[in-house]
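Enquirer: Pasting my_file_31.cif below, which is mmCIF, C-alpha atoms.
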```cif
data_query
#
loop_
_atom_site.label_atom_id
_atom_site.label_comp_id
_atom_site.auth_asym_id
_atom_site.auth_seq_id
_atom_site.Cartn_x
_atom_site.Cartn_y
_atom_site.Cartn_z
CA MET A 1 -3.58 33.52 -10.20
CA GLN A 2 -6.13 31.55 -12.20
CA ALA A 3 -4.52 29.03 -14.57
CA LYS A 4 -5.59 29.16 -18.21
CA GLU A 5 -5.46 26.77 -21.14
CA VAL A 6 -1.99 26.17 -22.58
CA THR A 7 -0.87 24.72 -25.91
CA TYR A 8 2.23 22.62 -26.63
CA ASN A 9 3.02 20.81 -29.89
CA GLY A 10 -0.46 21.64 -31.17
CA LEU A 11 -2.17 20.01 -28.16
CA THR A 12 -4.35 22.02 -25.77
CA PHE A 13 -4.25 21.41 -22.02
CA VAL A 14 -6.63 22.70 -19.35
CA PRO A 15 -6.00 23.27 -15.61
CA PHE A 16 -6.31 20.08 -13.55
CA ILE A 17 -4.56 20.44 -10.14
CA ASN A 18 -3.56 23.92 -9.00
CA ARG A 19 -0.38 24.90 -7.18
CA GLU A 20 -2.17 25.39 -3.85
CA GLN A 21 -3.58 21.86 -3.94
CA ILE A 22 -0.14 20.52 -4.87
CA ALA A 23 1.60 22.40 -2.04
CA ALA A 24 -0.94 21.23 0.55
CA ARG A 25 -0.64 17.59 -0.53
CA VAL A 26 3.16 17.67 -0.71
CA ASN A 27 3.33 19.02 2.86
CA LYS A 28 0.97 16.28 4.05
CA MET A 29 3.09 13.62 2.31
CA ALA A 30 6.22 14.99 4.00
CA LYS A 31 4.51 14.60 7.38
CA GLU A 32 3.55 11.00 6.51
CA ILE A 33 7.15 10.19 5.57
CA MET A 34 8.46 11.90 8.73
CA ARG A 35 6.07 9.77 10.78
CA ASP A 36 7.32 6.56 9.15
CA CYS A 37 11.05 7.15 8.74
CA GLY A 38 12.02 10.62 9.84
CA ASP A 39 14.50 9.65 12.52
CA VAL A 40 16.63 7.30 10.38
CA ASN A 41 18.26 9.85 8.03
CA PRO A 42 16.60 8.46 4.89
CA LEU A 43 18.08 8.78 1.44
CA PHE A 44 15.59 10.35 -0.94
CA VAL A 45 16.15 9.17 -4.53
CA CYS A 46 14.65 11.57 -7.04
CA VAL A 47 13.76 10.14 -10.44
CA LEU A 48 14.76 12.76 -13.01
CA ASN A 49 13.64 14.65 -14.92
CA GLY A 50 9.96 14.69 -14.04
CA ALA A 51 10.13 14.44 -10.25
CA PHE A 52 12.59 17.29 -9.65
CA ALA A 53 9.93 19.92 -8.74
CA PHE A 54 8.10 17.49 -6.46
CA ALA A 55 11.36 16.25 -4.91
CA SER A 56 12.53 19.78 -4.20
CA ASP A 57 9.30 20.73 -2.44
CA LEU A 58 9.02 17.41 -0.57
CA PHE A 59 12.65 17.46 0.55
CA ARG A 60 12.33 21.02 1.90
CA ALA A 61 9.13 20.10 3.77
CA PHE A 62 10.90 17.15 5.45
CA GLU A 63 11.93 18.39 8.90
CA TYR A 64 14.46 15.70 9.89
CA ASP A 65 17.95 14.96 8.65
CA ALA A 66 17.91 13.39 5.21
CA GLU A 67 20.02 13.11 2.08
CA ILE A 68 19.05 13.27 -1.57
CA ALA A 69 20.40 11.59 -4.69
CA PHE A 70 19.30 11.59 -8.31
CA ILE A 71 18.77 8.98 -10.99
CA ARG A 72 17.44 9.36 -14.49
CA LEU A 73 15.23 6.84 -16.24
CA LYS A 74 13.38 7.23 -19.50
CA SER A 75 10.32 5.32 -20.66
CA TYR A 76 8.17 7.95 -22.42
CA ASP A 77 8.20 9.34 -25.93
CA GLY A 78 5.69 12.11 -26.65
CA THR A 79 2.39 11.31 -24.93
CA GLY A 80 2.91 7.57 -24.49
CA THR A 81 5.11 5.05 -22.76
CA THR A 82 7.53 3.06 -24.87
CA GLY A 83 7.34 0.01 -22.62
CA ASN A 84 11.14 0.08 -22.28
CA VAL A 85 12.91 1.53 -19.25
CA LYS A 86 16.31 3.04 -20.01
CA GLN A 87 18.66 4.11 -17.23
CA ILE A 88 20.31 7.35 -18.29
CA HIS A 89 22.02 8.22 -14.97
CA GLY A 90 22.33 5.63 -12.20
CA LEU A 91 22.61 5.79 -8.43
CA THR A 92 26.19 6.07 -7.18
CA GLU A 93 25.52 6.17 -3.41
CA ASP A 94 25.91 3.08 -1.22
CA ILE A 95 22.44 2.27 0.09
CA THR A 96 23.36 -0.79 2.16
CA ASN A 97 21.36 -0.70 5.42
CA ARG A 98 19.73 2.61 4.47
CA THR A 99 16.10 3.61 4.31
CA VAL A 100 15.48 4.73 0.74
CA VAL A 101 12.51 6.85 -0.29
CA VAL A 102 12.03 6.94 -4.07
CA ILE A 103 10.49 10.20 -5.23
CA GLU A 104 8.59 9.83 -8.50
CA ASP A 105 6.37 12.24 -10.38
CA ILE A 106 3.88 9.68 -11.66
CA VAL A 107 3.24 5.94 -11.57
CA ASP A 108 1.35 4.94 -14.68
CA THR A 109 1.78 1.33 -15.88
CA GLY A 110 4.07 0.63 -12.92
CA PHE A 111 6.81 -1.06 -14.97
CA THR A 112 9.40 1.68 -14.37
CA MET A 113 8.79 1.73 -10.62
CA LYS A 114 8.76 -2.06 -10.35
CA ARG A 115 12.13 -2.30 -12.07
CA LEU A 116 13.61 0.54 -10.04
CA VAL A 117 12.48 -0.92 -6.69
CA GLU A 118 13.85 -4.35 -7.66
CA ASP A 119 17.19 -2.78 -8.66
CA LEU A 120 17.38 -0.84 -5.39
CA LYS A 121 16.46 -3.83 -3.22
CA ALA A 122 19.32 -5.77 -4.82
CA LYS A 123 21.68 -3.24 -3.16
CA ASN A 124 20.60 -4.32 0.37
CA PRO A 125 18.84 -1.28 1.82
CA THR A 126 16.95 -1.62 5.09
CA GLN A 127 13.77 -0.66 3.26
CA VAL A 128 12.57 1.00 0.07
CA LYS A 129 9.53 3.25 0.17
CA VAL A 130 7.92 4.96 -2.81
CA ALA A 131 6.42 8.46 -2.84
CA SER A 132 4.63 9.38 -6.07
CA LEU A 133 2.90 12.70 -6.57
CA LEU A 134 0.52 11.16 -9.10
CA TYR A 135 -0.84 7.66 -9.56
CA LYS A 136 -3.03 6.28 -12.37
CA PRO A 137 -4.67 3.18 -10.84
CA GLU A 138 -6.57 2.39 -14.06
CA SER A 139 -3.29 2.19 -16.01
CA LEU A 140 -1.38 -0.06 -13.58
CA GLN A 141 -0.24 -3.26 -15.30
CA CYS A 142 2.01 -4.84 -12.68
CA ASP A 143 2.25 -5.34 -8.94
CA VAL A 144 3.94 -2.31 -7.37
CA ASN A 145 3.53 -0.82 -3.91
CA ILE A 146 3.28 2.96 -3.59
CA ASP A 147 3.62 3.97 0.04
CA TYR A 148 2.76 7.65 -0.37
CA VAL A 149 0.40 8.90 -3.08
CA GLY A 150 -0.27 12.56 -3.71
CA PHE A 151 -3.22 12.27 -6.08
CA ALA A 152 -4.90 9.30 -7.74
CA ILE A 153 -5.88 10.49 -11.21
CA PRO A 154 -7.59 9.08 -14.30
CA SER A 155 -5.58 7.68 -17.20
CA LYS A 156 -5.19 10.97 -19.05
CA PHE A 157 -2.06 12.72 -20.28
CA ILE A 158 -0.87 15.53 -18.00
CA ILE A 159 1.86 18.18 -17.98
CA GLY A 160 3.25 20.78 -15.59
CA TYR A 161 4.99 20.78 -12.21
CA GLY A 162 7.85 18.77 -13.66
CA LEU A 163 5.84 16.63 -16.07
CA ASP A 164 6.49 17.27 -19.73
CA LEU A 165 5.51 16.84 -23.32
CA ASP A 166 8.76 16.29 -25.23
CA GLU A 167 10.69 18.21 -22.52
CA GLN A 168 8.32 21.20 -22.64
CA ALA A 169 5.95 22.50 -19.92
CA ARG A 170 7.95 21.24 -16.91
CA ASN A 171 8.11 24.77 -15.50
CA LEU A 172 4.34 25.24 -15.23
CA PRO A 173 3.46 25.64 -11.52
CA ASP A 174 0.11 23.87 -11.95
CA ILE A 175 -0.76 20.48 -13.45
CA TYR A 176 -2.74 20.43 -16.70
CA VAL A 177 -4.65 17.67 -18.47
CA LEU A 178 -5.04 17.15 -22.21
CA LYS A 179 -8.28 18.82 -23.30
CA GLU A 180 -10.91 16.45 -24.61
CA GLU A 181 -12.46 17.55 -27.88
#
```
Once more with this new file: its structure as structure tokens, please.
Expert:
Amino acid sequence: MQAKEVTYNGLTFVPFINREQIAARVNKMAKEIMRDCGDVNPLFVCVLNGAFAFASDLFRAFEYDAEIAFIRLKSYDGTGTTGNVKQIHGLTEDITNRTVVVIEDIVDTGFTMKRLVEDLKAKNPTQVKVASLLYKPESLQCDVNIDYVGFAIPSKFIIGYGLDLDEQARNLPDIYVLKEE
């Protein structure tokens, strides 16, 4: 099915990455993670709410034993980042001597991921790896390592496949970008 323009909160978005491209890249990322840490029963840590669709697909494509946990952080309001990272729901699992794979929907400025990785490393895991479906290299403002990147994209606002605009549009199976006028 061909994706069409969509409108949320008076803003128009056009198709950017279709569901077939997403599925192919997610499967490839799962293979990369299996290659690096598949035999150690990693703990996947999904960053809610945005990464839930990606985490679900990535976790199902992972062919070794693994566990999954969820945390919720918030740093966006509308179409922009607030610059503040708030932890809404924290990690309750013991990650001492575990391989942790953080699953994130998008790394933009990098501040959220930097703080999260620092917080996780303070809990003595064997290693912390980061898998992000989307990455905006032009927007990065701090030093953060992303081990597995789905798509490097320009610094534009996107929705769909878990990403939202004020909690709307997460259920779109494709990724859309804000239409330029």
Enquirer: Care to translate the PyMOL selection byres ((chain A and resi 60-69) around 6) into actual residues of this file, as JSON, numbers by chain?
Expert: {"A": [27, 30, 38, 41, 42, 43, 44, 45, 57, 58, 59, 70]}
Enquirer: Give me the residues within 10 Å of A:Thr92 as a PyMOL selection string, counting all atoms listed in the file and dropping any in the same chain fewer than 2 places off.
Expert: chain A and resi 69-71+89-90+94-95
Enquirer: Could you work out how far atom CA of A:Ile33 lies from atom CA of A:Asp147, giving the answer in Å with one decimal?
Expert: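 Pair atom CA of A:Asp147 / atom CA of A:Ile33 returns 9.0 Å.
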Enquirer: Given all atoms listed in the file, how would the per-residue table for stretch 26-107 of chain A near stretch 117-141 of chain A read, listing every residue at most 10 Å away with its closest atom pair and distance in Å to one decimal, sorted by chain and number, as JSON lines?
Expert:
```
{"residue": "A:Val26", "atom": "CA", "partner": "A:Leu133", "partner_atom": "CA", "distance": 7.7}
{"residue": "A:Met29", "atom": "CA", "partner": "A:Ala131", "partner_atom": "CA", "distance": 8.0}
{"residue": "A:Ala30", "atom": "CA", "partner": "A:Ala131", "partner_atom": "CA", "distance": 9.5}
{"residue": "A:Ile33", "atom": "CA", "partner": "A:Ala131", "partner_atom": "CA", "distance": 8.6}
{"residue": "A:Asp36", "atom": "CA", "partner": "A:Lys129", "partner_atom": "CA", "distance": 9.8}
{"residue": "A:Cys37", "atom": "CA", "partner": "A:Lys129", "partner_atom": "CA", "distance": 9.5}
{"residue": "A:Pro42", "atom": "CA", "partner": "A:Gln127", "partner_atom": "CA", "distance": 9.7}
{"residue": "A:Leu43", "atom": "CA", "partner": "A:Val128", "partner_atom": "CA", "distance": 9.6}
{"residue": "A:Phe44", "atom": "CA", "partner": "A:Lys129", "partner_atom": "CA", "distance": 9.4}
{"residue": "A:Val45", "atom": "CA", "partner": "A:Val130", "partner_atom": "CA", "distance": 9.4}
{"residue": "A:Cys46", "atom": "CA", "partner": "A:Ala131", "partner_atom": "CA", "distance": 9.7}
{"residue": "A:Ala51", "atom": "CA", "partner": "A:Leu133", "partner_atom": "CA", "distance": 8.3}
{"residue": "A:Phe54", "atom": "CA", "partner": "A:Leu133", "partner_atom": "CA", "distance": 7.1}
{"residue": "A:Ala55", "atom": "CA", "partner": "A:Leu133", "partner_atom": "CA", "distance": 9.3}
{"residue": "A:Leu58", "atom": "CA", "partner": "A:Ala131", "partner_atom": "CA", "distance": 9.6}
{"residue": "A:Leu91", "atom": "CA", "partner": "A:Leu120", "partner_atom": "CA", "distance": 9.0}
{"residue": "A:Asp94", "atom": "CA", "partner": "A:Lys123", "partner_atom": "CA", "distance": 7.8}
{"residue": "A:Ile95", "atom": "CA", "partner": "A:Pro125", "partner_atom": "CA", "distance": 5.3}
{"residue": "A:Thr96", "atom": "CA", "partner": "A:Pro125", "partner_atom": "CA", "distance": 4.6}
{"residue": "A:Asn97", "atom": "CA", "partner": "A:Pro125", "partner_atom": "CA", "distance": 4.4}
{"residue": "A:Arg98", "atom": "CA", "partner": "A:Pro125", "partner_atom": "CA", "distance": 4.8}
{"residue": "A:Thr99", "atom": "CA", "partner": "A:Gln127", "partner_atom": "CA", "distance": 5.0}
{"residue": "A:Val100", "atom": "CA", "partner": "A:Val128", "partner_atom": "CA", "distance": 4.8}
{"residue": "A:Val101", "atom": "CA", "partner": "A:Lys129", "partner_atom": "CA", "distance": 4.7}
{"residue": "A:Val102", "atom": "CA", "partner": "A:Val130", "partner_atom": "CA", "distance": 4.7}
{"residue": "A:Ile103", "atom": "CA", "partner": "A:Ala131", "partner_atom": "CA", "distance": 5.0}
{"residue": "A:Glu104", "atom": "CA", "partner": "A:Ser132", "partner_atom": "CA", "distance": 4.7}
{"residue": "A:Asp105", "atom": "CA", "partner": "A:Leu133", "partner_atom": "CA", "distance": 5.2}
{"residue": "A:Ile106", "atom": "CA", "partner": "A:Leu134", "partner_atom": "CA", "distance": 4.5}
{"residue": "A:Val107", "atom": "CA", "partner": "A:Tyr135", "partner_atom": "CA", "distance": 4.9}
```
Enquirer: In Å, rounded to a single decimal, give me how far atom CA of A:Tyr161 is from atom CA of A:Val40.
Expert: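 Atom CA of A:Tyr161 lies 28.8 Å from atom CA of A:Val40.
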Enquirer: Which distance in Å separates atom CA of A:Lys31 and atom CA of A:Gly160, to one decimal?
Expert: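 Taking atom CA of A:Lys31 as the start and atom CA of A:Gly160 as the end point, the length is 23.8 Å.
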Enquirer: To test your reading of the syntax: which residues would the PyMOL selection byres ((chain A and resi 169) around 12) return for the file shown? Reply as an MDAnalysis selection string.
Expert: chainID A and resid 6:9 11:13 50 158:168 170:177
Enquirer: Take every atom of stretch 35-44 of chain A listed in the file, fit an axis-aligned box around them, add 8 Å per side, and give the centre and edge lengths in Å to one decimal as JSON.
Expert:
```
{"center_x": 12.2, "center_y": 8.6, "center_z": 5.8, "size_x": 28.2, "size_y": 20.1, "size_z": 29.5}
```
Enquirer: Taking the partial coordinates given, rebuild stretch 152-170 of chain A to contain N, CA and C atoms; return it as an mmCIF file, in the coordinates of the input.
Expert:
```cif
data_model
loop_
_atom_site.group_PDB
_atom_site.id
_atom_site.type_symbol
_atom_site.label_atom_id
_atom_site.label_comp_id
_atom_site.auth_asym_id
_atom_site.auth_seq_id
_atom_site.Cartn_x
_atom_site.Cartn_y
_atom_site.Cartn_z
ATOM 1 N N ALA A 152 -4.509 10.343 -6.791
ATOM 2 C CA ALA A 152 -4.900 9.300 -7.740
ATOM 3 C C ALA A 152 -5.683 10.004 -8.838
ATOM 4 N N ILE A 153 -5.270 9.773 -10.087
ATOM 5 C CA ILE A 153 -5.880 10.490 -11.210
ATOM 6 C C ILE A 153 -6.309 9.506 -12.288
ATOM 7 N N PRO A 154 -7.204 9.949 -13.182
ATOM 8 C CA PRO A 154 -7.590 9.080 -14.300
ATOM 9 C C PRO A 154 -6.459 8.919 -15.299
ATOM 10 N N SER A 155 -6.608 7.974 -16.192
ATOM 11 C CA SER A 155 -5.580 7.680 -17.200
ATOM 12 C C SER A 155 -5.663 8.697 -18.346
ATOM 13 N N LYS A 156 -5.221 9.892 -18.062
ATOM 14 C CA LYS A 156 -5.190 10.970 -19.050
ATOM 15 C C LYS A 156 -3.778 11.547 -19.065
ATOM 16 N N PHE A 157 -3.392 12.158 -20.178
ATOM 17 C CA PHE A 157 -2.060 12.720 -20.280
ATOM 18 C C PHE A 157 -2.010 14.083 -19.606
ATOM 19 N N ILE A 158 -0.990 14.290 -18.760
ATOM 20 C CA ILE A 158 -0.870 15.530 -18.000
ATOM 21 C C ILE A 158 0.514 16.136 -18.175
ATOM 22 N N ILE A 159 0.591 17.444 -17.927
ATOM 23 C CA ILE A 159 1.860 18.180 -17.980
ATOM 24 C C ILE A 159 1.894 19.182 -16.834
ATOM 25 N N GLY A 160 3.073 19.736 -16.602
ATOM 26 C CA GLY A 160 3.250 20.780 -15.590
ATOM 27 C C GLY A 160 3.825 20.236 -14.307
ATOM 28 N N TYR A 161 4.378 21.134 -13.489
ATOM 29 C CA TYR A 161 4.990 20.780 -12.210
ATOM 30 C C TYR A 161 5.993 19.640 -12.379
ATOM 31 N N GLY A 162 6.822 19.760 -13.397
ATOM 32 C CA GLY A 162 7.850 18.770 -13.660
ATOM 33 C C GLY A 162 7.524 17.790 -14.769
ATOM 34 N N LEU A 163 6.248 17.562 -15.010
ATOM 35 C CA LEU A 163 5.840 16.630 -16.070
ATOM 36 C C LEU A 163 5.856 17.339 -17.411
ATOM 37 N N ASP A 164 6.257 16.603 -18.454
ATOM 38 C CA ASP A 164 6.490 17.270 -19.730
ATOM 39 C C ASP A 164 5.788 16.628 -20.898
ATOM 40 N N LEU A 165 5.839 17.351 -22.003
ATOM 41 C CA LEU A 165 5.510 16.840 -23.320
ATOM 42 C C LEU A 165 6.730 17.130 -24.166
ATOM 43 N N ASP A 166 7.518 16.120 -24.472
ATOM 44 C CA ASP A 166 8.760 16.290 -25.230
ATOM 45 C C ASP A 166 9.638 17.385 -24.622
ATOM 46 N N GLU A 167 9.832 17.315 -23.317
ATOM 47 C CA GLU A 167 10.690 18.210 -22.520
ATOM 48 C C GLU A 167 10.140 19.617 -22.350
ATOM 49 N N GLN A 168 8.937 19.890 -22.818
ATOM 50 C CA GLN A 168 8.320 21.200 -22.640
ATOM 51 C C GLN A 168 7.291 21.144 -21.518
ATOM 52 N N ALA A 169 7.022 22.293 -20.910
ATOM 53 C CA ALA A 169 5.950 22.500 -19.920
ATOM 54 C C ALA A 169 6.323 22.091 -18.505
ATOM 55 N N ARG A 170 7.555 21.643 -18.266
ATOM 56 C CA ARG A 170 7.950 21.240 -16.910
ATOM 57 C C ARG A 170 7.862 22.400 -15.916
#
```
